[in-house]
Structures are given as structure tokens and as C-alpha cells.
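**Student:** Just structure20.csv, nothing more (CSV, C-alpha atoms):
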chain,number,residue,atom,x,y,z
Z,1,MET,CA,134.5,90.0,95.7
Z,2,SER,CA,134.6,92.2,98.8
Z,3,GLU,CA,133.0,95.2,97.1
Z,4,LYS,CA,129.6,96.0,98.7
Z,5,GLY,CA,126.3,96.9,97.1
Z,6,LEU,CA,123.0,98.0,98.6
Z,7,VAL,CA,120.5,95.2,97.7
Z,8,PHE,CA,116.8,95.6,98.4
Z,9,ASP,CA,115.6,92.2,97.2
Z,10,ILE,CA,116.8,88.9,95.8
Z,11,LYS,CA,114.0,86.9,94.2
Z,12,ARG,CA,114.7,83.2,93.5
Z,13,PHE,CA,112.8,81.2,90.9
Z,14,ALA,CA,111.8,84.3,89.0
Z,15,VAL,CA,110.2,83.5,85.6
Z,16,HIS,CA,109.4,86.9,84.3
Z,17,ASP,CA,112.9,88.5,84.3
Z,18,GLY,CA,114.4,86.8,81.3
Z,19,LYS,CA,114.7,83.3,79.8
Z,20,GLY,CA,114.1,80.2,82.0
Z,21,ILE,CA,114.2,80.1,85.8
Z,22,ARG,CA,116.3,82.9,87.2
Z,23,THR,CA,117.4,84.7,90.3
Z,24,THR,CA,116.8,88.5,90.2
Z,25,VAL,CA,119.0,90.8,92.2
Z,26,PHE,CA,117.5,94.3,92.9
Z,27,LEU,CA,119.9,97.1,93.5
Z,28,LYS,CA,119.2,100.5,95.1
Z,29,GLY,CA,119.4,103.8,93.2
Z,30,CYS,CA,117.7,105.1,90.1
Z,31,PRO,CA,118.1,108.3,88.0
Z,32,LEU,CA,114.4,108.2,87.0
Z,33,ARG,CA,111.5,109.3,89.2
Z,34,CYS,CA,108.6,107.5,87.6
Z,35,ALA,CA,105.3,108.7,89.2
Z,36,TRP,CA,104.0,105.1,89.3
Z,37,CYS,CA,107.2,103.3,90.3
Z,38,HIS,CA,106.4,99.8,91.5
Z,39,ASN,CA,109.7,99.5,93.4
Z,40,PRO,CA,109.9,102.9,95.2
Z,41,GLU,CA,112.4,101.5,97.7
Z,42,GLY,CA,114.8,101.2,94.8
Z,43,MET,CA,114.8,104.9,93.9
Z,44,VAL,CA,117.3,106.3,96.4
Z,45,ASN,CA,120.7,104.7,96.9
Z,46,LYS,CA,120.4,104.9,100.6
Z,47,ARG,CA,119.2,102.5,103.3
Z,48,LYS,CA,115.9,103.5,104.8
Z,49,VAL,CA,113.5,102.3,107.5
Z,50,TRP,CA,110.1,100.8,106.6
Z,51,TRP,CA,107.1,100.6,108.9
Z,52,VAL,CA,105.1,97.4,108.2
Z,53,GLN,CA,101.6,98.0,109.6
Z,54,LYS,CA,100.5,94.4,109.7
Z,55,ASN,CA,103.3,93.5,112.0
Z,56,CYS,CA,102.9,96.4,114.4
Z,57,ILE,CA,101.7,95.6,117.9
Z,58,GLY,CA,101.4,99.3,119.0
Z,59,CYS,CA,104.0,99.1,121.8
Z,60,GLY,CA,105.5,102.5,121.1
Z,61,ASN,CA,109.1,101.3,121.6
Z,62,CYS,CA,110.1,102.9,118.2
Z,63,ILE,CA,108.8,106.3,119.1
Z,64,ARG,CA,110.5,106.3,122.5
Z,65,SER,CA,113.8,105.2,121.0
Z,66,CYS,CA,114.0,108.0,118.4
Z,67,SER,CA,116.3,110.9,119.7
Z,68,ARG,CA,115.3,113.0,116.7
Z,69,GLU,CA,111.5,112.7,117.3
Z,70,ALA,CA,111.1,111.5,113.7
Z,71,LEU,CA,108.3,109.1,114.6
Z,72,ARG,CA,104.9,109.8,115.9
Z,73,ALA,CA,101.7,107.9,116.4
Z,74,GLU,CA,98.8,108.9,114.2
Z,75,PRO,CA,95.3,107.3,113.8
Z,76,GLU,CA,96.5,105.3,110.7
Z,77,GLY,CA,99.6,104.1,112.5
Z,78,ILE,CA,103.3,105.2,112.9
Z,79,HIS,CA,104.3,108.2,110.8
Z,80,ARG,CA,107.9,108.9,110.0
Z,81,VAL,CA,109.0,112.5,109.5
Z,82,GLU,CA,111.4,112.1,106.6
Z,83,GLU,CA,113.4,115.3,107.2
Z,84,ARG,CA,114.1,114.4,110.8
Z,85,CYS,CA,115.1,110.8,110.3
Z,86,ILE,CA,118.9,110.2,110.1
Z,87,GLY,CA,118.7,106.4,109.5
Z,88,CYS,CA,120.3,105.4,112.8
Z,89,GLY,CA,118.2,102.3,113.0
Z,90,ALA,CA,117.4,102.6,116.8
Z,91,CYS,CA,113.7,102.0,116.0
Z,92,VAL,CA,114.6,98.8,114.1
Z,93,ASP,CA,116.7,97.5,117.0
Z,94,VAL,CA,113.9,97.9,119.6
Z,95,CYS,CA,110.9,96.7,117.6
Z,96,PRO,CA,109.9,93.3,119.0
Z,97,ALA,CA,107.6,92.4,116.1
Z,98,GLY,CA,109.6,93.4,113.0
Z,99,ALA,CA,107.3,96.2,112.1
Z,100,MET,CA,110.2,98.6,111.8
Z,101,ARG,CA,112.7,97.2,109.4
Z,102,TRP,CA,115.4,98.2,106.9
Z,103,ASP,CA,114.4,98.3,103.3
Z,104,SER,CA,117.7,96.9,102.1
Z,105,SER,CA,121.0,95.3,103.1
Z,106,TRP,CA,124.7,95.9,102.3
Z,107,MET,CA,126.1,92.8,100.7
Z,108,THR,CA,129.4,91.8,99.2
Z,109,VAL,CA,129.6,90.2,95.8
Z,110,GLU,CA,130.5,86.9,97.5
Z,111,GLU,CA,127.5,87.1,99.8
Z,112,VAL,CA,125.2,87.5,96.8
Z,113,MET,CA,126.9,84.8,94.9
Z,114,GLU,CA,126.3,82.4,97.8
Z,115,ILE,CA,122.6,82.8,97.2
Z,116,LEU,CA,122.8,82.7,93.4
Z,117,ARG,CA,124.7,79.3,93.5
Z,118,ARG,CA,121.9,77.6,95.3
Z,119,ASP,CA,119.8,77.3,92.1
Z,120,ARG,CA,122.5,76.4,89.6
Z,121,ILE,CA,120.7,73.2,88.5
Z,122,ALA,CA,117.5,75.1,87.9
Z,123,TYR,CA,119.4,77.6,85.7
Z,124,GLU,CA,121.1,74.8,83.7
Z,125,LYS,CA,117.9,72.8,83.2
Z,126,SER,CA,115.7,75.7,82.2
Z,127,GLY,CA,118.2,77.8,80.2
Z,128,GLY,CA,117.9,80.5,82.9
Z,129,GLY,CA,120.4,82.4,84.9
Z,130,ILE,CA,120.9,85.7,86.8
Z,131,THR,CA,119.2,89.0,86.2
Z,132,VAL,CA,120.3,92.3,87.8
Z,133,SER,CA,117.5,94.9,88.2
Z,134,GLY,CA,116.7,97.8,90.4
Z,135,GLY,CA,116.5,100.7,90.8
Z,136,GLU,CA,118.9,101.0,87.9
Z,137,PRO,CA,121.9,98.6,87.6
Z,138,THR,CA,123.8,100.9,85.2
Z,139,GLY,CA,123.4,103.9,87.7
Z,140,GLU,CA,125.0,104.7,91.0
Z,141,GLN,CA,125.8,101.1,91.8
Z,142,ALA,CA,127.2,100.3,88.3
Z,143,GLY,CA,130.5,99.2,89.8
Z,144,PHE,CA,129.0,96.7,92.1
Z,145,ALA,CA,126.6,95.4,89.3
Z,146,LEU,CA,129.6,94.9,86.9
Z,147,ALA,CA,131.6,93.1,89.5
Z,148,LEU,CA,128.6,90.8,90.3
Z,149,LEU,CA,127.9,90.1,86.7
Z,150,ALA,CA,131.6,89.4,85.9
Z,151,GLU,CA,131.6,86.8,88.7
Z,152,CYS,CA,128.4,85.2,87.4
Z,153,LYS,CA,130.0,84.9,84.0
Z,154,LYS,CA,133.1,83.2,85.5
Z,155,GLU,CA,130.8,80.6,87.0
Z,156,GLY,CA,129.0,80.0,83.7
Z,157,PHE,CA,125.7,81.7,84.6
Z,158,ARG,CA,123.8,83.4,81.8
Z,159,THR,CA,123.3,87.0,82.7
Z,160,SER,CA,120.7,89.7,82.0
Z,161,ILE,CA,120.0,93.2,83.2
Z,162,GLU,CA,116.7,95.1,83.4
Z,163,SER,CA,117.4,98.7,82.7
Z,164,SER,CA,116.0,102.0,81.5
Z,165,LEU,CA,119.4,102.6,79.7
Z,166,TYR,CA,119.4,106.1,81.1
Z,167,THR,CA,123.2,106.0,81.5
Z,168,ASN,CA,126.4,107.1,80.0
Z,169,PRO,CA,127.2,105.2,76.8
Z,170,GLU,CA,130.8,104.5,78.1
Z,171,VAL,CA,129.2,102.8,81.2
Z,172,LEU,CA,126.9,100.8,78.9
Z,173,GLU,CA,129.9,99.5,76.9
Z,174,GLN,CA,131.2,97.9,80.1
Z,175,PHE,CA,128.0,96.1,80.7
Z,176,GLU,CA,128.1,94.6,77.1
Z,177,GLU,CA,131.2,92.7,78.2
Z,178,VAL,CA,129.3,90.8,81.0
Z,179,VAL,CA,125.6,90.7,79.9
Z,180,ASP,CA,124.1,88.2,77.6
Z,181,ASP,CA,120.5,89.5,77.4
Z,182,PHE,CA,119.3,93.1,77.7
Z,183,ILE,CA,115.7,93.8,79.0
Z,184,VAL,CA,115.0,97.5,78.4
Z,185,ASP,CA,112.1,99.8,79.3
Z,186,ILE,CA,110.5,102.3,77.0
Z,187,LYS,CA,107.8,103.8,79.1
Z,188,ILE,CA,106.6,106.9,77.2
Z,189,PHE,CA,107.8,107.8,73.7
Z,190,ASP,CA,107.0,111.5,73.7
Z,191,SER,CA,110.0,113.3,75.3
Z,192,ARG,CA,108.0,116.0,77.1
Z,193,ARG,CA,105.5,113.5,78.6
Z,194,HIS,CA,108.4,111.3,79.6
Z,195,LYS,CA,110.1,114.1,81.5
Z,196,GLU,CA,106.9,115.1,83.2
Z,197,ALA,CA,106.2,111.5,84.4
Z,198,ALA,CA,109.8,110.2,85.0
Z,199,GLY,CA,111.8,113.4,85.8
Z,200,VAL,CA,114.1,113.1,82.7
Z,201,ASP,CA,113.6,113.3,79.0
Z,202,ASN,CA,114.1,110.1,77.0
Z,203,GLN,CA,116.6,111.1,74.3
Z,204,LEU,CA,119.5,109.4,76.0
Z,205,ILE,CA,117.4,106.3,76.5
Z,206,LEU,CA,116.4,106.1,72.8
Z,207,ASP,CA,119.9,106.8,71.6
Z,208,ASN,CA,121.4,104.0,73.8
Z,209,ILE,CA,118.7,101.6,72.6
Z,210,TRP,CA,119.4,102.4,69.0
Z,211,ASP,CA,123.1,101.9,69.5
Z,212,LEU,CA,122.8,98.7,71.6
Z,213,ALA,CA,120.3,97.1,69.1
Z,214,SER,CA,123.0,97.2,66.4
Z,215,ARG,CA,124.9,94.6,68.4
Z,216,HIS,CA,122.4,92.8,70.6
Z,217,ALA,CA,118.9,91.4,70.5
Z,218,LEU,CA,116.7,93.4,72.9
Z,219,LEU,CA,113.5,92.8,74.8
Z,220,ILE,CA,111.7,96.1,75.0
Z,221,ARG,CA,109.2,96.3,77.9
Z,222,THR,CA,106.4,98.9,78.4
Z,223,PRO,CA,104.4,98.9,81.6
Z,224,MET,CA,100.7,99.6,81.2
Z,225,ILE,CA,100.1,102.4,83.7
Z,226,PRO,CA,96.6,103.9,83.4
Z,227,GLY,CA,96.8,107.7,82.7
Z,228,TYR,CA,100.5,107.5,81.8
Z,229,THR,CA,101.7,104.8,79.4
Z,230,SER,CA,98.7,102.7,78.4
Z,231,ASP,CA,97.1,105.0,75.9
Z,232,LEU,CA,96.9,103.7,72.3
Z,233,ALA,CA,98.9,106.6,70.9
Z,234,ASN,CA,101.8,105.9,73.1
Z,235,ILE,CA,101.8,102.2,72.2
Z,236,GLN,CA,101.7,103.1,68.5
Z,237,ALA,CA,104.6,105.6,68.8
Z,238,ILE,CA,106.8,103.1,70.7
Z,239,GLY,CA,105.9,100.4,68.1
Z,240,GLU,CA,107.0,102.7,65.3
Z,241,PHE,CA,110.4,103.1,66.9
Z,242,VAL,CA,110.8,99.4,67.9
Z,243,LYS,CA,110.0,98.1,64.4
Z,244,LYS,CA,113.0,99.9,63.0
Z,245,LEU,CA,115.4,98.1,65.4
Z,246,PRO,CA,117.2,95.2,63.8
Z,247,ASN,CA,116.4,92.6,66.4
Z,248,ALA,CA,113.9,93.5,69.1
Z,249,ARG,CA,110.8,92.0,70.7
Z,250,MET,CA,108.3,93.7,72.9
Z,251,GLU,CA,106.4,92.8,76.1
Z,252,LEU,CA,103.6,94.7,77.7
Z,253,LEU,CA,103.4,94.5,81.4
Z,254,ASN,CA,100.0,95.0,83.0
Z,255,PHE,CA,99.5,97.4,85.9
Z,256,ASN,CA,99.7,95.8,89.4
Z,257,PRO,CA,97.5,97.6,91.9
Z,258,LEU,CA,99.2,95.9,94.8
Z,259,TYR,CA,102.3,98.1,94.4
Z,260,SER,CA,100.7,100.8,96.6
Z,261,GLN,CA,101.5,98.7,99.8
Z,262,LYS,CA,105.2,99.7,99.4
Z,263,TYR,CA,104.3,103.4,99.5
Z,264,HIS,CA,102.4,102.8,102.7
Z,265,TYR,CA,105.5,101.1,104.2
Z,266,GLN,CA,107.3,104.4,103.5
Z,267,GLY,CA,104.6,106.6,104.9
Z,268,ARG,CA,103.8,108.0,101.4
Z,269,GLU,CA,100.7,108.0,99.3
Z,270,PRO,CA,100.9,106.2,95.9
Z,271,VAL,CA,100.0,107.7,92.6
Z,272,CYS,CA,96.8,106.4,91.0
Z,273,PRO,CA,95.8,104.3,94.0
Z,274,GLN,CA,92.3,103.7,92.6
Z,275,ALA,CA,93.5,102.5,89.2
Z,276,GLU,CA,92.9,99.0,88.1
Z,277,LYS,CA,94.9,96.8,85.8
Z,278,LEU,CA,93.8,96.6,82.1
Z,279,SER,CA,91.4,93.8,81.2
Z,280,ASN,CA,92.5,90.9,79.0
Z,281,GLU,CA,90.7,92.5,76.1
Z,282,GLU,CA,92.5,95.8,76.5
Z,283,MET,CA,95.9,94.1,76.8
Z,284,GLU,CA,95.1,92.0,73.7
Z,285,GLN,CA,94.1,95.1,71.8
Z,286,ARG,CA,97.5,96.7,72.5
Z,287,ARG,CA,99.4,93.6,71.6
Z,288,GLN,CA,97.6,93.3,68.3
Z,289,ILE,CA,98.5,96.9,67.4
Z,290,LEU,CA,102.2,96.0,67.8
Z,291,GLU,CA,101.8,92.7,65.9
Z,292,ARG,CA,100.1,94.3,63.0
Z,293,MET,CA,103.3,96.5,62.7
Z,294,GLY,CA,105.3,93.3,62.4
Z,295,ILE,CA,106.7,93.3,65.9
Z,296,SER,CA,107.2,90.1,67.8
Z,297,VAL,CA,105.3,90.4,71.0
Z,298,VAL,CA,106.0,88.2,74.1
Z,299,ARG,CA,102.8,86.8,75.6
What would you get if you wrote out this structure as C-alpha cells?

**Tutor:**
Amino acid sequence: MSEKGLVFDIKRFAVHDGKGIRTTVFLKGCPLRCAWCHNPEGMVNKRKVWWVQKNCIGCGNCIRSCSREALRAEPEGIHRVEERCIGCGACVDVCPAGAMRWDSSWMTVEEVMEILRRDRIAYEKSGGGITVSGGEPTGEQAGFALALLAECKKEGFRTSIESSLYTNPEVLEQFEEVVDDFIVDIKIFDSRRHKEAAGVDNQLILDNIWDLASRHALLIRTPMIPGYTSDLANIQAIGEFVKKLPNARMELLNFNPLYSQKYHYQGREPVCPQAEKLSNEEMEQRRQILERMGISVVR
């Protein structure tokens, strides 16, 4: 219960991260480097500083506080020089408006549990529970995720993880002991394209999915990212794989253009910033491709 994990968000009353009303815990660290990542603060298992432009009053305290000269004023706002920043937090301490802030917090299992217990009645009435997401829960912080999920099971909470399943099969076996429902991403089916877009090929992911599906019902999710995952050929290829699984459903997640704000907080430029989410007709076309293959699609 005293083990600590690096948590970048806890969302209460979540309704898109599994059955019923849930609380979703987001952990830092991910082995993938998806070009379009909607949670870029979850990529690196390290606490970092964000600059939130809308809060900034332009006082310059942060720049003066930095002994490493990692911050400078530019026309568009405060720019952080990544290679100079050592994460000391001096700029956070002196900011009077909360414009400089940490992107995550170190928390013990018990500290997280205190938050999760607040909505016990909502879980019970809706058939919901706890979802651990990321980043990647089976990655660098697998030990903390397993300890948290085990405690949730002790208290009778239904548990889920959202995962790419890019992990060692032996680690995945440990999660099977404390997870009720698995929500798994298949982003791109072609291995070469997957490596180009996410930094790793997908063979380990597909192998783990195939093995896990022999023992558990899976919800397979595919994000609709223009120029990367939303083409019809990719949907068709993923569907051909999923329809062979013994007990799997699919869900297509539309692109969210608002994700780019998080990159600006980090002083980075987002990929495909001009892209728009798919229309209702385009989403329906892709769902129908899957349904004609005999796949159950979550709407």
C-alpha cells in the first residue's frame, strides 16, 4: 500500500473506459511512440513541467528562477529548452498563477484508493468499477498497477485495464489474476506501418491478443486517426484478425482535434494539427465494414 506510482490523471465518473460508471487512473510510461498520441504526458515515466498559456500573467518569475536557463520568453509565450531542464520545479514554486505546473504526481496505492472509494455506490449501481490506463499499465509501472488492481479486487471493485499489450507475456499473466475486463488497442495491422507510426512493430501485440482471447473476452479499440489508422484497408485488415478471435468486440474511437492543446503545454507541435474528426457517415461506413464481417461493434 506504500508503493508509489507516477499518476498523471484520475478521472471520476468515466463512462467510456469500460462497463458502467468508472474511475480511470492514468499512469506514466509507455513503450510506444504513437505519432498522434492523445496523452503525450503519459509517454515518459518521468515527472515534467507544463506551461499552461491561459493561466500565464507574464510576470517572468519562472525565467528568473531557473538556474539552468531552460526557460525563455518568446512571442508565443514561455518556451522550455528540454535538454537544459533538470525538473527541479523551481519555476513551479514561484509561479503565482499556476501557469507552470507538474504534469503528474507521485501517489501511494492507498492515496489512489482514497479517491476510488468515493464513488463506490456509483460503481455498484451501474455495474462499473476501476480502469487503469496510461501510458501503458503493463509497462514500466506494472508493479504499481498490479498492486493497485489487487487492492481494488480486495475491496470488491470490478477492474479493467486499457492496454496496447506490448508487454512480456509473463507480465501479462500477472494482470490476468487481478483484471476482470481487458480493453486492448489495435491501431494499425500492417507491421511495417505500425513500426513507422508507433516506434515498434505489432507482432508481440497480436501474439498477446491471440493468447489472451483464448481465456478472456476482449474489447478491441481502434482510434480513427486521419492519415494513419482510419483508412478502409486498415479497418478491413484489423477486422479479419478480430473475427477469428473466440470472444471479441470492437469499438472505433473518433479523432479528437482538441488533443493538440497538451502538446502546446509541453512546448511541442502536435502531429496532424489541421486534421478533423471523421463525419458520422464516415464512422458509420467503417462500423458497417466490421459488422458485415460478423463482428460485434460497440456504438

**Student:** Counting only C-alpha atoms, figure out which residue out of Z:Arg12, Z:Arg72, Z:His38, Z:Lys19 gets nearest to Asp181 of chain Z.

**Tutor:**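 Result for the nearest residue to Asp181 of chain Z: Z:Lys19.
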
**Student:** For Lys46 of chain Z, list every protein, DNA or RNA residue within 12 Å, evaluated using all atoms listed in the file, and leave out those in the same chain fewer than 3 positions away; present the list as a PDB file with C-alpha atoms, in the coordinates of the input.

**Tutor:**
ATOM      1  CA  GLY Z   5     126.300  96.900  97.100  1.00  0.00           C
ATOM      2  CA  LEU Z   6     123.000  98.000  98.600  1.00  0.00           C
ATOM      3  CA  VAL Z   7     120.500  95.200  97.700  1.00  0.00           C
ATOM      4  CA  PHE Z   8     116.800  95.600  98.400  1.00  0.00           C
ATOM      5  CA  LEU Z  27     119.900  97.100  93.500  1.00  0.00           C
ATOM      6  CA  LYS Z  28     119.200 100.500  95.100  1.00  0.00           C
ATOM      7  CA  GLY Z  29     119.400 103.800  93.200  1.00  0.00           C
ATOM      8  CA  CYS Z  30     117.700 105.100  90.100  1.00  0.00           C
ATOM      9  CA  PRO Z  40     109.900 102.900  95.200  1.00  0.00           C
ATOM     10  CA  GLU Z  41     112.400 101.500  97.700  1.00  0.00           C
ATOM     11  CA  GLY Z  42     114.800 101.200  94.800  1.00  0.00           C
ATOM     12  CA  MET Z  43     114.800 104.900  93.900  1.00  0.00           C
ATOM     13  CA  VAL Z  49     113.500 102.300 107.500  1.00  0.00           C
ATOM     14  CA  ILE Z  86     118.900 110.200 110.100  1.00  0.00           C
ATOM     15  CA  GLY Z  87     118.700 106.400 109.500  1.00  0.00           C
ATOM     16  CA  TRP Z 102     115.400  98.200 106.900  1.00  0.00           C
ATOM     17  CA  ASP Z 103     114.400  98.300 103.300  1.00  0.00           C
ATOM     18  CA  SER Z 104     117.700  96.900 102.100  1.00  0.00           C
ATOM     19  CA  SER Z 105     121.000  95.300 103.100  1.00  0.00           C
ATOM     20  CA  TRP Z 106     124.700  95.900 102.300  1.00  0.00           C
ATOM     21  CA  GLY Z 135     116.500 100.700  90.800  1.00  0.00           C
ATOM     22  CA  GLU Z 140     125.000 104.700  91.000  1.00  0.00           C
ATOM     23  CA  GLN Z 141     125.800 101.100  91.800  1.00  0.00           C
TER      24      GLN Z 141
END

**Student:** What does the distance from atom CA of Cys91 of chain Z to atom CA of Glu74 of chain Z come to in Å, to one decimal?

**Tutor:** 16.5 Å

**Student:** For Val92 of chain Z, which of Z:Met107, Z:Ser126, Z:Ser133, Z:Cys56 is the closest residue, counting all atoms listed in the file?

**Tutor:**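 Using all atoms listed in the file, Val92 of chain Z sits closest to Z:Cys56.
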
**Student:** Do you know which residues are at most 12 Å from Val184 of chain Z counting only C-alpha atoms, after dropping those on the same chain fewer than 2 positions away, and could you put them as a PyMOL selection string?

**Tutor:** chain Z and resi 17-18+132-133+136-138+160-166+181-182+186-187+205-206+208-210+212-213+216-223+242+248-252

**Student:** Which one of Z:Phe255, Z:Gly239, Z:Asn61, Z:Cys66 sits closest to Arg292 of chain Z if you count all atoms listed in the file?

**Tutor:**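 Answer, going by the shortest atom-to-atom distance: Z:Gly239.
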
**Student:** Pick out the residues sitting within 10 Å of Glu110 of chain Z, and hand them over as a short mmCIF file (atom, residue, chain, number, x, y, z; two decimals) with C-alpha atoms, in the coordinates of the input; count all atoms listed in the file, and ignore anything fewer than 2 positions along from it in its own chain.

**Tutor:**
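So part-v1.cif came out as:
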data_model
loop_
_atom_site.label_atom_id
_atom_site.label_comp_id
_atom_site.auth_asym_id
_atom_site.auth_seq_id
_atom_site.Cartn_x
_atom_site.Cartn_y
_atom_site.Cartn_z
CA MET Z 1 134.50 90.00 95.70
CA SER Z 2 134.60 92.20 98.80
CA GLU Z 3 133.00 95.20 97.10
CA LYS Z 4 129.60 96.00 98.70
CA MET Z 107 126.10 92.80 100.70
CA THR Z 108 129.40 91.80 99.20
CA VAL Z 112 125.20 87.50 96.80
CA MET Z 113 126.90 84.80 94.90
CA GLU Z 114 126.30 82.40 97.80
CA ILE Z 115 122.60 82.80 97.20
CA LEU Z 116 122.80 82.70 93.40
CA LEU Z 148 128.60 90.80 90.30
CA GLU Z 151 131.60 86.80 88.70
#

**Student:** Which residues come within 9 Å of Ala150 of chain Z, counting all atoms listed in the file, excluding same-chain residues fewer than 5 positions away, as a compact mmCIF listing (two decimals) with C-alpha atoms, keeping the file's coordinate frame?

**Tutor:**
# COMPACT_ATOMS: atom_id res chain seq x y z
CA ALA Z 145 126.60 95.40 89.30
CA GLU Z 155 130.80 80.60 87.00
CA GLU Z 177 131.20 92.70 78.20
CA VAL Z 178 129.30 90.80 81.00
CA VAL Z 179 125.60 90.70 79.90

**Student:** From the options Z:Tyr123, Z:Tyr228, Z:Phe175, Z:Tyr265, which residue's atoms come nearest to Ala14 of chain Z, counting only C-alpha atoms?

**Tutor:**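 That would be Z:Tyr123, the residue with the smallest distance to Ala14 of chain Z.
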
**Student:** Would you work out the distance separating atom CA of Cys85 of chain Z from atom CA of Ile10 of chain Z, expressed in Å to one decimal?

**Tutor:**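 Atom CA of Ile10 of chain Z lies 26.3 Å from atom CA of Cys85 of chain Z.
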
**Student:** Which residue out of Z:Phe144, Z:Cys37, Z:Arg47, Z:Phe13 has the minimum interatomic distance to Pro270 of chain Z when all atoms listed in the file are used?

**Tutor:**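 Comparing Z:Phe144, Z:Cys37, Z:Arg47, Z:Phe13 against Pro270 of chain Z, the winner is Z:Cys37.
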
**Student:** Considering only C-alpha atoms, state which residue in the set Z:Ser191, Z:Gln53, Z:Asn45, Z:Asn234 is at the smallest distance from Phe26 of chain Z.

**Tutor:**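 Looking at the shortest contact to Phe26 of chain Z, the residue is Z:Asn45.
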
**Student:** What is the atom CA of Gly20 of chain Z to atom CA of Gly127 of chain Z distance in Å?

**Tutor:** 5.1 Å

**Student:** Find the spatial neighbours of Phe157 of chain Z, counting all atoms listed in the file, within a cut-off of 9 Å - ignore same-chain residues fewer than 6 positions away - and output them as an MDAnalysis selection string.

**Tutor:** chainID Z and resid 120 123:124 128:130 149 151

**Student:** Would you compute the box with edges along x, y and z of the file around segment 157-171 of chain Z, including every atom the file lists for it and 8 Å extra on each side, and give its centre and edge lengths in Å to one decimal, as AutoDock Vina command-line options?

**Tutor:**
--center_x 123.4 --center_y 94.4 --center_z 80.7 --size_x 30.8 --size_y 41.4 --size_z 23.8

**Student:** Since the input lacks some atoms of segment 134-148 of chain Z, please model N, CA and C atoms and print them as a compact mmCIF listing (two decimals), in the coordinates of the input.

**Tutor:**
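Writing the result to result_6.txt gives the following:
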# COMPACT_ATOMS: atom_id res chain seq x y z
N GLY Z 134 116.61 96.74 89.39
CA GLY Z 134 116.70 97.80 90.40
C GLY Z 134 115.36 98.43 90.70
N GLY Z 135 115.43 99.72 91.05
CA GLY Z 135 116.50 100.70 90.80
C GLY Z 135 117.00 100.59 89.34
N GLU Z 136 118.25 100.95 89.19
CA GLU Z 136 118.90 101.00 87.90
C GLU Z 136 120.31 100.39 87.98
N PRO Z 137 120.55 99.20 87.43
CA PRO Z 137 121.90 98.60 87.60
C PRO Z 137 123.00 99.34 86.92
N THR Z 138 122.71 100.18 85.91
CA THR Z 138 123.80 100.90 85.20
C THR Z 138 123.97 102.32 85.88
N GLY Z 139 123.33 102.56 87.02
CA GLY Z 139 123.40 103.90 87.70
C GLY Z 139 124.45 103.98 88.73
N GLU Z 140 124.07 104.45 89.92
CA GLU Z 140 125.00 104.70 91.00
C GLU Z 140 125.78 103.49 91.45
N GLN Z 141 125.16 102.32 91.32
CA GLN Z 141 125.80 101.10 91.80
C GLN Z 141 126.34 100.27 90.57
N ALA Z 142 126.68 100.95 89.49
CA ALA Z 142 127.20 100.30 88.30
C ALA Z 142 128.42 99.43 88.61
N GLY Z 143 129.31 99.95 89.43
CA GLY Z 143 130.50 99.20 89.80
C GLY Z 143 130.24 97.89 90.42
N PHE Z 144 129.32 97.90 91.38
CA PHE Z 144 129.00 96.70 92.10
C PHE Z 144 128.25 95.71 91.09
N ALA Z 145 127.34 96.25 90.27
CA ALA Z 145 126.60 95.40 89.30
C ALA Z 145 127.59 94.74 88.34
N LEU Z 146 128.57 95.50 87.85
CA LEU Z 146 129.60 94.90 86.90
C LEU Z 146 130.39 93.85 87.58
N ALA Z 147 130.80 94.07 88.82
CA ALA Z 147 131.60 93.10 89.50
C ALA Z 147 130.78 91.79 89.76
N LEU Z 148 129.50 91.96 90.10
CA LEU Z 148 128.60 90.80 90.30
C LEU Z 148 128.41 90.04 89.02
